[in-house]
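Source file: entry.txt; contents: compact mmCIF, C-alpha atoms.
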```txt
# COMPACT_ATOMS: atom_id res chain seq x y z
CA MET A 47 57.88 -21.09 -10.62
CA THR A 48 54.41 -20.48 -9.18
CA ASP A 49 53.14 -17.13 -8.02
CA ALA A 50 53.17 -18.33 -4.46
CA ALA A 51 56.72 -19.51 -4.83
CA ALA A 52 57.60 -16.21 -6.48
CA GLY A 53 56.06 -14.34 -3.60
CA ASN A 54 53.26 -12.74 -5.69
CA ALA A 55 50.32 -14.51 -3.98
CA PRO A 56 48.87 -12.72 -0.95
CA ALA A 57 49.95 -14.03 2.39
CA PRO A 58 47.38 -16.03 4.42
CA ASP A 59 47.00 -13.17 6.92
CA ALA A 60 46.39 -10.69 4.08
CA THR A 61 43.74 -12.99 2.50
CA SER A 62 41.94 -13.36 5.82
CA ALA A 63 41.99 -9.60 6.28
CA GLN A 64 40.51 -9.05 2.80
CA THR A 65 37.78 -11.63 3.44
CA ALA A 66 36.94 -10.04 6.77
CA ALA A 67 36.84 -6.60 5.16
CA ALA A 68 34.48 -7.86 2.44
CA LYS A 69 32.17 -9.41 5.05
CA ALA A 70 32.23 -6.20 7.02
CA ARG A 71 31.26 -4.17 3.92
CA ARG A 72 28.37 -6.55 3.14
CA SER A 73 27.23 -6.45 6.75
CA ALA A 74 27.37 -2.65 6.82
CA SER A 75 25.30 -2.35 3.60
CA SER A 76 22.61 -4.88 4.59
CA VAL A 77 20.27 -5.60 7.48
CA ARG A 78 18.46 -8.72 8.67
CA LEU A 79 14.69 -8.36 8.99
CA PRO A 80 13.67 -9.39 12.52
CA LEU A 81 10.47 -11.33 11.68
CA LEU A 82 11.31 -12.77 8.25
CA GLY A 83 14.95 -13.52 9.02
CA THR A 84 16.06 -12.51 5.51
CA VAL A 85 18.93 -10.19 4.74
CA VAL A 86 18.01 -7.09 2.70
CA ALA A 87 20.24 -4.32 1.40
CA LYS A 88 19.83 -1.03 3.24
CA ARG A 89 19.34 0.81 -0.06
CA GLN A 90 16.41 -1.43 -0.91
CA LEU A 91 14.84 -0.74 2.49
CA VAL A 92 15.24 3.01 1.96
CA VAL A 93 13.66 2.76 -1.52
CA LEU A 94 10.77 0.63 -0.25
CA GLY A 95 10.16 3.01 2.63
CA SER A 96 10.26 6.05 0.34
CA LEU A 97 7.83 4.45 -2.09
CA ALA A 98 5.44 3.55 0.74
CA VAL A 99 5.51 7.12 2.07
CA ALA A 100 4.94 8.52 -1.43
CA LEU A 101 1.99 6.17 -1.91
CA LEU A 102 0.44 7.24 1.41
CA VAL A 103 0.85 10.96 0.67
CA LEU A 104 -0.49 10.71 -2.88
CA SER A 105 -3.42 8.57 -1.72
CA LEU A 106 -4.42 11.18 0.88
CA VAL A 107 -4.11 13.95 -1.71
CA ALA A 108 -6.22 11.96 -4.20
CA LEU A 109 -8.89 11.29 -1.55
CA GLY A 110 -9.09 14.99 -0.73
CA THR A 111 -9.10 16.36 -4.31
CA GLY A 112 -12.25 16.83 -6.37
CA ASP A 113 -15.40 18.91 -6.67
CA TYR A 114 -15.64 18.82 -2.86
CA PRO A 115 -12.05 19.46 -1.71
CA LEU A 116 -11.04 18.12 1.70
CA SER A 117 -7.92 18.71 3.75
CA VAL A 118 -5.71 15.80 4.80
CA GLY A 119 -7.08 16.09 8.34
CA GLN A 120 -10.66 15.95 7.06
CA VAL A 121 -9.84 12.90 4.93
CA VAL A 122 -8.34 11.04 7.90
CA THR A 123 -11.26 12.02 10.14
CA ALA A 124 -13.79 10.93 7.49
CA MET A 125 -12.14 7.54 7.08
CA PHE A 126 -12.45 6.69 10.75
CA ALA A 127 -15.67 8.56 11.59
CA THR A 128 -18.74 6.54 12.56
CA ASP A 129 -21.41 9.21 12.08
CA GLY A 130 -21.64 8.64 8.31
CA GLY A 131 -21.52 12.35 7.44
CA PHE A 132 -21.19 13.78 3.94
CA ALA A 133 -17.38 13.81 4.09
CA THR A 134 -17.42 10.11 4.96
CA THR A 135 -19.66 9.42 1.98
CA ILE A 136 -17.32 11.36 -0.32
CA VAL A 137 -14.18 9.62 0.91
CA LEU A 138 -15.34 6.05 1.50
CA GLU A 139 -17.99 5.60 -1.17
CA TRP A 140 -16.92 7.96 -3.98
CA ARG A 141 -13.13 8.24 -3.96
CA LEU A 142 -11.66 5.34 -1.98
CA PRO A 143 -12.66 2.59 -4.48
CA ARG A 144 -10.91 4.40 -7.32
CA VAL A 145 -7.76 5.02 -5.26
CA LEU A 146 -7.58 1.38 -4.14
CA VAL A 147 -8.22 0.16 -7.68
CA ALA A 148 -5.33 2.31 -8.95
CA LEU A 149 -3.02 0.99 -6.23
CA VAL A 150 -3.90 -2.70 -6.63
CA PHE A 151 -4.14 -2.72 -10.42
CA GLY A 152 -0.87 -0.79 -10.75
CA ALA A 153 0.89 -3.27 -8.46
CA ALA A 154 -0.55 -6.22 -10.41
CA LEU A 155 0.54 -4.81 -13.76
CA ALA A 156 4.04 -4.16 -12.44
CA LEU A 157 4.29 -7.67 -10.97
CA SER A 158 3.29 -9.13 -14.31
CA GLY A 159 5.91 -7.01 -16.05
CA ALA A 160 8.58 -8.02 -13.53
CA VAL A 161 7.83 -11.71 -14.08
CA PHE A 162 8.11 -11.46 -17.87
CA GLN A 163 11.17 -9.20 -17.85
CA SER A 164 12.88 -11.70 -15.57
CA LEU A 165 11.83 -14.65 -17.73
CA THR A 166 13.02 -13.01 -20.95
CA ARG A 167 15.99 -11.24 -19.30
CA ASN A 168 15.06 -8.24 -21.43
CA PRO A 169 13.61 -4.81 -20.40
CA LEU A 170 11.25 -4.99 -23.40
CA GLY A 171 9.86 -8.34 -22.26
CA SER A 172 6.63 -6.83 -21.01
CA PRO A 173 3.18 -8.44 -21.44
CA ASP A 174 1.84 -5.33 -23.16
CA ILE A 175 4.70 -5.52 -25.69
CA ILE A 176 4.62 -9.27 -26.42
CA GLY A 177 0.89 -9.52 -26.97
CA PHE A 178 -0.67 -10.87 -23.79
CA ALA A 179 -2.51 -7.65 -22.91
CA THR A 180 -3.66 -7.34 -26.51
CA GLY A 181 -4.89 -10.93 -26.33
CA SER A 182 -6.96 -10.06 -23.27
CA TYR A 183 -8.42 -7.10 -25.18
CA THR A 184 -9.21 -9.37 -28.13
CA GLY A 185 -11.02 -11.85 -25.88
CA ALA A 186 -13.07 -9.11 -24.24
CA LEU A 187 -13.80 -7.50 -27.62
CA LEU A 188 -15.10 -10.78 -29.03
CA VAL A 189 -17.45 -11.17 -26.07
CA ILE A 190 -18.68 -7.56 -26.29
CA THR A 191 -19.40 -7.76 -30.03
CA LEU A 192 -20.83 -11.30 -30.13
CA VAL A 193 -22.50 -11.84 -26.73
CA GLY A 194 -23.05 -8.48 -25.08
CA ASP A 195 -21.52 -6.06 -22.62
CA SER A 196 -21.73 -7.54 -19.12
CA TYR A 197 -18.96 -7.52 -16.53
CA LEU A 198 -18.72 -11.27 -15.98
CA SER A 199 -18.76 -12.21 -19.66
CA THR A 200 -16.24 -9.46 -20.51
CA ALA A 201 -13.97 -10.53 -17.64
CA GLY A 202 -14.15 -14.16 -18.72
CA GLY A 203 -13.37 -13.23 -22.31
CA ALA A 204 -10.37 -11.14 -21.25
CA VAL A 205 -8.90 -13.93 -19.13
CA VAL A 206 -9.45 -16.58 -21.81
CA GLY A 207 -8.07 -14.27 -24.51
CA GLY A 208 -4.94 -13.49 -22.52
CA LEU A 209 -4.21 -17.12 -21.74
CA ALA A 210 -4.92 -18.19 -25.35
CA SER A 211 -2.56 -15.57 -26.78
CA ALA A 212 0.10 -16.60 -24.26
CA LEU A 213 -0.29 -20.24 -25.31
CA VAL A 214 0.02 -19.33 -29.01
CA VAL A 215 3.13 -17.21 -28.40
CA TYR A 216 4.67 -19.92 -26.22
CA LEU A 217 4.10 -22.67 -28.82
CA LEU A 218 5.35 -20.54 -31.72
CA ALA A 219 8.47 -19.50 -29.78
CA TYR A 220 9.29 -23.00 -28.47
CA ARG A 221 12.37 -24.57 -30.04
CA ARG A 222 13.73 -27.14 -27.57
CA GLY A 223 13.00 -24.54 -24.92
CA ILE A 224 12.17 -20.85 -24.76
CA GLN A 225 14.64 -18.02 -25.38
CA GLY A 226 13.74 -14.51 -24.27
CA PHE A 227 14.61 -12.73 -27.53
CA ARG A 228 12.60 -15.20 -29.64
CA LEU A 229 9.64 -14.90 -27.28
CA ILE A 230 9.67 -11.10 -27.67
CA ILE A 231 9.90 -11.22 -31.48
CA VAL A 232 7.08 -13.78 -31.75
CA GLY A 233 5.03 -11.77 -29.24
CA ILE A 234 5.43 -8.54 -31.23
CA ALA A 235 4.29 -10.37 -34.39
CA VAL A 236 1.25 -11.82 -32.62
CA THR A 237 0.46 -8.36 -31.21
CA ALA A 238 0.42 -6.90 -34.72
CA ILE A 239 -1.93 -9.65 -35.90
CA LEU A 240 -4.25 -9.14 -32.93
CA HIS A 241 -4.30 -5.35 -33.46
CA ALA A 242 -5.41 -5.90 -37.07
CA PHE A 243 -8.05 -8.42 -35.95
CA ASN A 244 -9.35 -6.01 -33.28
CA THR A 245 -9.69 -3.23 -35.87
CA TRP A 246 -11.62 -5.59 -38.17
CA LEU A 247 -13.94 -6.54 -35.30
CA LEU A 248 -14.69 -2.87 -34.54
CA LEU A 249 -15.36 -2.12 -38.20
CA ARG A 250 -17.77 -5.06 -38.44
CA ALA A 251 -19.64 -4.25 -35.22
CA GLN A 252 -22.68 -2.02 -34.84
CA VAL A 253 -21.90 1.62 -34.17
CA GLU A 254 -23.11 1.56 -30.54
CA VAL A 255 -21.20 -1.62 -29.77
CA ALA A 256 -18.05 -0.34 -31.49
CA MET A 257 -18.21 2.93 -29.52
CA ALA A 258 -18.66 1.08 -26.21
CA ALA A 259 -15.80 -1.27 -27.04
CA SER A 260 -13.54 1.61 -28.08
CA ILE A 261 -14.21 3.50 -24.84
CA TRP A 262 -13.52 0.34 -22.82
CA GLY A 263 -10.36 -0.24 -24.88
CA ALA A 264 -8.94 3.16 -23.86
CA GLY A 265 -8.37 1.77 -20.35
CA SER A 266 -10.22 3.48 -17.52
CA ILE A 267 -10.77 2.78 -13.83
CA SER A 268 -13.44 5.43 -13.37
CA LEU A 269 -16.34 2.95 -13.59
CA VAL A 270 -14.81 0.21 -11.42
CA GLY A 271 -16.86 0.15 -8.23
CA TRP A 272 -16.79 -2.07 -5.18
CA GLU A 273 -18.82 -4.76 -7.01
CA GLN A 274 -16.13 -5.21 -9.66
CA ALA A 275 -13.15 -4.33 -7.49
CA LEU A 276 -13.59 -6.77 -4.61
CA PRO A 277 -13.62 -9.99 -6.72
CA ALA A 278 -10.66 -8.65 -8.71
CA PHE A 279 -8.77 -7.84 -5.49
CA ALA A 280 -9.34 -11.39 -4.22
CA VAL A 281 -8.07 -13.02 -7.42
CA LEU A 282 -5.09 -10.67 -7.71
CA GLY A 283 -4.18 -11.36 -4.07
CA VAL A 284 -4.02 -15.09 -4.75
CA LEU A 285 -1.96 -14.51 -7.90
CA ALA A 286 0.46 -12.22 -6.02
CA VAL A 287 1.01 -14.95 -3.41
CA LEU A 288 1.69 -17.43 -6.23
CA VAL A 289 4.30 -15.06 -7.69
CA LEU A 290 6.07 -14.89 -4.32
CA VAL A 291 5.95 -18.69 -4.01
CA LEU A 292 7.43 -19.08 -7.50
CA SER A 293 9.98 -16.28 -7.04
CA GLY A 294 12.73 -18.73 -6.07
CA GLY A 295 12.45 -20.43 -9.45
CA LEU A 296 12.29 -17.02 -11.14
CA ARG A 297 15.66 -16.08 -9.62
CA GLN A 298 17.14 -19.35 -10.87
CA LEU A 299 15.83 -18.70 -14.39
CA GLU A 300 17.41 -15.23 -14.36
CA LEU A 301 20.80 -16.97 -14.22
CA GLY A 302 20.05 -18.88 -17.43
CA ASP A 303 18.61 -22.28 -18.26
CA ASP A 304 21.91 -24.13 -17.91
CA ALA A 305 22.55 -22.74 -14.43
CA ALA A 306 18.97 -23.51 -13.38
CA LYS A 307 19.26 -27.09 -14.65
CA ALA A 308 22.57 -27.45 -12.83
CA HIS A 309 20.72 -26.66 -9.60
CA GLY A 310 18.25 -29.47 -10.32
CA MET A 311 15.41 -27.24 -11.49
CA ARG A 312 12.80 -28.39 -14.04
CA VAL A 313 13.05 -25.35 -16.28
CA GLU A 314 10.08 -25.60 -18.65
CA PRO A 315 7.37 -26.47 -16.06
CA ALA A 316 8.61 -23.62 -13.83
CA ARG A 317 8.67 -21.18 -16.76
CA LEU A 318 5.18 -22.24 -17.88
CA ALA A 319 3.77 -21.80 -14.36
CA LEU A 320 5.26 -18.29 -14.11
CA LEU A 321 3.98 -17.44 -17.58
CA VAL A 322 0.41 -18.50 -16.66
CA VAL A 323 0.45 -16.51 -13.41
CA GLY A 324 1.91 -13.44 -15.15
CA VAL A 325 -0.71 -13.57 -17.89
CA ALA A 326 -3.51 -14.05 -15.36
CA LEU A 327 -2.37 -10.92 -13.48
CA ILE A 328 -2.65 -8.66 -16.51
CA ALA A 329 -5.79 -10.44 -17.79
CA VAL A 330 -7.71 -9.78 -14.54
CA VAL A 331 -6.75 -6.10 -14.64
CA THR A 332 -7.69 -5.84 -18.31
CA ALA A 333 -11.01 -7.55 -17.64
CA SER A 334 -11.94 -4.90 -15.06
CA SER A 335 -10.54 -1.72 -16.56
CA GLY A 336 -9.58 -2.34 -20.17
CA PRO A 337 -5.97 -2.41 -21.37
CA ILE A 338 -3.68 -0.01 -19.45
CA ALA A 339 -0.37 0.19 -21.27
CA PHE A 340 3.25 0.72 -20.22
CA VAL A 341 2.89 0.35 -16.42
CA ALA A 342 4.05 -3.27 -16.75
CA LEU A 343 6.89 -2.11 -18.99
CA ALA A 344 8.22 0.87 -17.06
CA ALA A 345 7.64 0.07 -13.37
CA PRO A 346 10.03 -2.93 -13.03
CA GLN A 347 12.88 -1.06 -14.75
CA ILE A 348 12.36 2.07 -12.63
CA ALA A 349 12.34 -0.09 -9.49
CA SER A 350 15.47 -1.92 -10.63
CA ARG A 351 17.33 1.36 -11.17
CA LEU A 352 16.18 2.76 -7.81
CA THR A 353 17.25 -0.31 -5.82
CA ARG A 354 20.31 -1.09 -8.01
CA SER A 355 19.53 -4.77 -7.55
CA ALA A 356 21.01 -7.50 -9.74
CA GLY A 357 17.60 -8.80 -10.86
CA VAL A 358 14.15 -7.27 -11.19
CA PRO A 359 12.86 -6.63 -7.63
CA LEU A 360 9.29 -7.85 -7.20
CA VAL A 361 8.14 -5.84 -4.15
CA ALA A 362 9.74 -2.59 -5.30
CA SER A 363 8.24 -3.12 -8.76
CA ALA A 364 4.77 -3.58 -7.27
CA LEU A 365 5.06 -0.38 -5.21
CA THR A 366 6.41 1.55 -8.21
CA GLY A 367 3.57 0.31 -10.40
CA ALA A 368 0.99 1.32 -7.79
CA LEU A 369 2.56 4.79 -7.54
CA LEU A 370 2.71 5.19 -11.35
CA LEU A 371 -0.93 4.25 -11.93
CA LEU A 372 -2.21 6.34 -9.01
CA ALA A 373 -0.23 9.36 -10.24
CA ALA A 374 -1.43 8.80 -13.81
CA ASP A 375 -5.04 8.58 -12.64
CA PHE A 376 -4.63 11.78 -10.60
CA VAL A 377 -3.34 13.55 -13.72
CA ALA A 378 -6.19 12.10 -15.79
CA GLN A 379 -8.77 13.40 -13.31
CA HIS A 380 -7.47 16.72 -12.02
CA VAL A 381 -4.50 18.08 -14.00
CA LEU A 382 -5.68 17.94 -17.62
CA PRO A 383 -8.30 20.42 -18.87
CA ALA A 384 -10.84 17.58 -19.27
CA ALA A 385 -10.95 14.17 -17.62
CA VAL A 386 -9.58 11.36 -19.81
CA PRO A 387 -9.15 7.58 -19.34
CA VAL A 388 -6.04 6.75 -17.35
CA GLY A 389 -4.84 4.52 -20.19
CA MET A 390 -4.26 7.61 -22.33
CA VAL A 391 -1.99 9.12 -19.66
CA THR A 392 0.01 5.92 -19.20
CA VAL A 393 0.60 5.76 -22.96
CA VAL A 394 2.17 9.24 -22.81
CA ILE A 395 4.28 8.25 -19.81
CA GLY A 396 5.35 5.08 -21.63
CA GLY A 397 6.34 7.05 -24.70
CA LEU A 398 8.52 9.37 -22.61
CA TYR A 399 10.03 6.31 -20.92
CA LEU A 400 10.91 4.70 -24.25
CA ILE A 401 12.49 7.95 -25.51
CA GLY A 402 14.57 8.17 -22.33
CA LEU A 403 15.58 4.52 -22.69
CA LEU A 404 16.70 5.05 -26.30
CA ILE A 405 18.72 8.15 -25.36
CA SER A 406 20.35 6.28 -22.49
CA GLN A 407 21.30 3.34 -24.72
CA ALA A 408 22.66 5.71 -27.41
CA ARG A 409 24.89 7.47 -24.86
CA LYS A 410 26.26 4.14 -23.67
CA GLN A 411 27.26 3.19 -27.22
CA THR A 412 29.07 6.50 -27.92
```

Take the structure in the file and write it out as structure tokens.
Amino acid sequence: MTDAAAGNAPAPDATSAQTAAAKARRSASSVRLPLLGTVVAKRQLVVLGSLAVALLVLSLVALGTGDYPLSVGQVVTAMFATDGGFATTIVLEWRLPRVLVALVFGAALALSGAVFQSLTRNPLGSPDIIGFATGSYTGALLVITLVGDSYLSTAGGAVVGGLASALVVYLLAYRRGIQGFRLIIVGIAVTAILHAFNTWLLLRAQVEVAMAASIWGAGSISLVGWEQALPAFAVLGVLAVLVLVLSGGLRQLELGDDAAKAHGMRVEPARLALLVVGVALIAVVTASSGPIAFVALAAPQIASRLTRSAGVPLVASALTGALLLLAADFVAQHVLPAAVPVGMVTVVIGGLYLIGLLISQARKQT
């Protein structure tokens, strides 16, 4: 005797009522954006709005803090004044480039981390863990020690180094396709090799060159002016658009290769395209500022926990990364007894994040 015959299955009216209730709950927890026409969860909108407000407030505070302190009102007046007074010079020419660099570079690092964590389906699948950031550093270090320290040559070396390391990791990890865990293990091994090679390069270089390379390798945005920032902003803008264009394929890959193939997707070309764009994002940032660790690792996971989304949210990750790097740079400039490169602060933040992650995982297992 079937359940329906036994009277255990819900009646048609009860099923319709449950379906209607489920639709009502989804409708109450989501909202349709008027211009884009997409449906977004209300929690995500609240998180995005909160992050945007936090970014605006921290940016105004950063623009007004320094040897010549300015109030928020003075900062806003200076930004829109046309008389070119001293406050305008301080805000627009001295402090605004650094604030914008922190915002854009932080968002780019977080986007790169979100792409790789989605591809590997692993929170440790970050480009600064699996060797791509180290590859960019190796490329720049080779150029600095062999050719000389100029922005264009260093930037070119960082981009080529990042893409080359990504290609090596991809080929070594490929076994009839790419699996996230194998990609991470191979990437960690390549990172160790590159770290050893970088140390050997510094030991073989002249003292002045080694000191310059070491300072650059600490990761700092203090020397990035408009001349370096504007070309980087243009390239990162194009790469961010490419990530959004490829995001549909990224969501399919999050479901697994078999599910993506079942939807008619060409898995390996899509994965390779996302990998190239993700590496290019972190390589451009590394070329301009040196390696800045852990923003790509931590920002996507923080954004995912804030929004409680099923996958890694791209926009929320970008805003979180921008907020993390701007806050880290503010600490590096104004909170510590002496100014330090922002990369040193992000390393500390990343260490605290990893400790928190380990404690969280241990509590889940007990």

Contact residues around range 375-378 of chain A with only C-alpha atoms at 6 Å, ignoring same-chain residues under 5 positions, as a PyMOL selection string: chain A and resi 385-386+388

Would you list the contacts of range 224-233 of chain A as a VMD selection string, taking every protein, DNA or RNA residue within 10 Å and counting all atoms listed in the file, but skipping same-chain residues closer than 6 positions in sequence? chain A and resid 162 to 168 170 to 178 211 to 212 214 to 218 239 302 to 303 313 to 314 317 to 318

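Note that CA of Ile395 in chain A and CA of Phe340 in chain A are 7.6 Å apart.
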
Up to 12 Å from (18.4, -0.9, -1.3) in the file's coordinates: name the residues, counting all atoms listed in the file, as a PyMOL selection string. chain A and resi 75-77+85-97+349-356+359+361-362

Give me a file of those residues, with C-alpha atoms, as a CSV table (one decimal), keeping the file's coordinate frame.
```csv
chain,number,residue,atom,x,y,z
A,75,SER,CA,25.3,-2.4,3.6
A,76,SER,CA,22.6,-4.9,4.6
A,77,VAL,CA,20.3,-5.6,7.5
A,85,VAL,CA,18.9,-10.2,4.7
A,86,VAL,CA,18.0,-7.1,2.7
A,87,ALA,CA,20.2,-4.3,1.4
A,88,LYS,CA,19.8,-1.0,3.2
A,89,ARG,CA,19.3,0.8,-0.1
A,90,GLN,CA,16.4,-1.4,-0.9
A,91,LEU,CA,14.8,-0.7,2.5
A,92,VAL,CA,15.2,3.0,2.0
A,93,VAL,CA,13.7,2.8,-1.5
A,94,LEU,CA,10.8,0.6,-0.2
A,95,GLY,CA,10.2,3.0,2.6
A,96,SER,CA,10.3,6.0,0.3
A,97,LEU,CA,7.8,4.4,-2.1
A,349,ALA,CA,12.3,-0.1,-9.5
A,350,SER,CA,15.5,-1.9,-10.6
A,351,ARG,CA,17.3,1.4,-11.2
A,352,LEU,CA,16.2,2.8,-7.8
A,353,THR,CA,17.2,-0.3,-5.8
A,354,ARG,CA,20.3,-1.1,-8.0
A,355,SER,CA,19.5,-4.8,-7.6
A,356,ALA,CA,21.0,-7.5,-9.7
A,359,PRO,CA,12.9,-6.6,-7.6
A,361,VAL,CA,8.1,-5.8,-4.2
A,362,ALA,CA,9.7,-2.6,-5.3
```

Calculated over all atoms listed in the file, which of the candidates A:Pro143, A:Gly336, A:Gly110, A:Pro387 has the smallest distance to Leu276 in chain A? A:Pro143

Measure the distance from CA of Pro277 in chain A to CA of Ala342 in chain A in Å and round it to one decimal. 21.4 Å
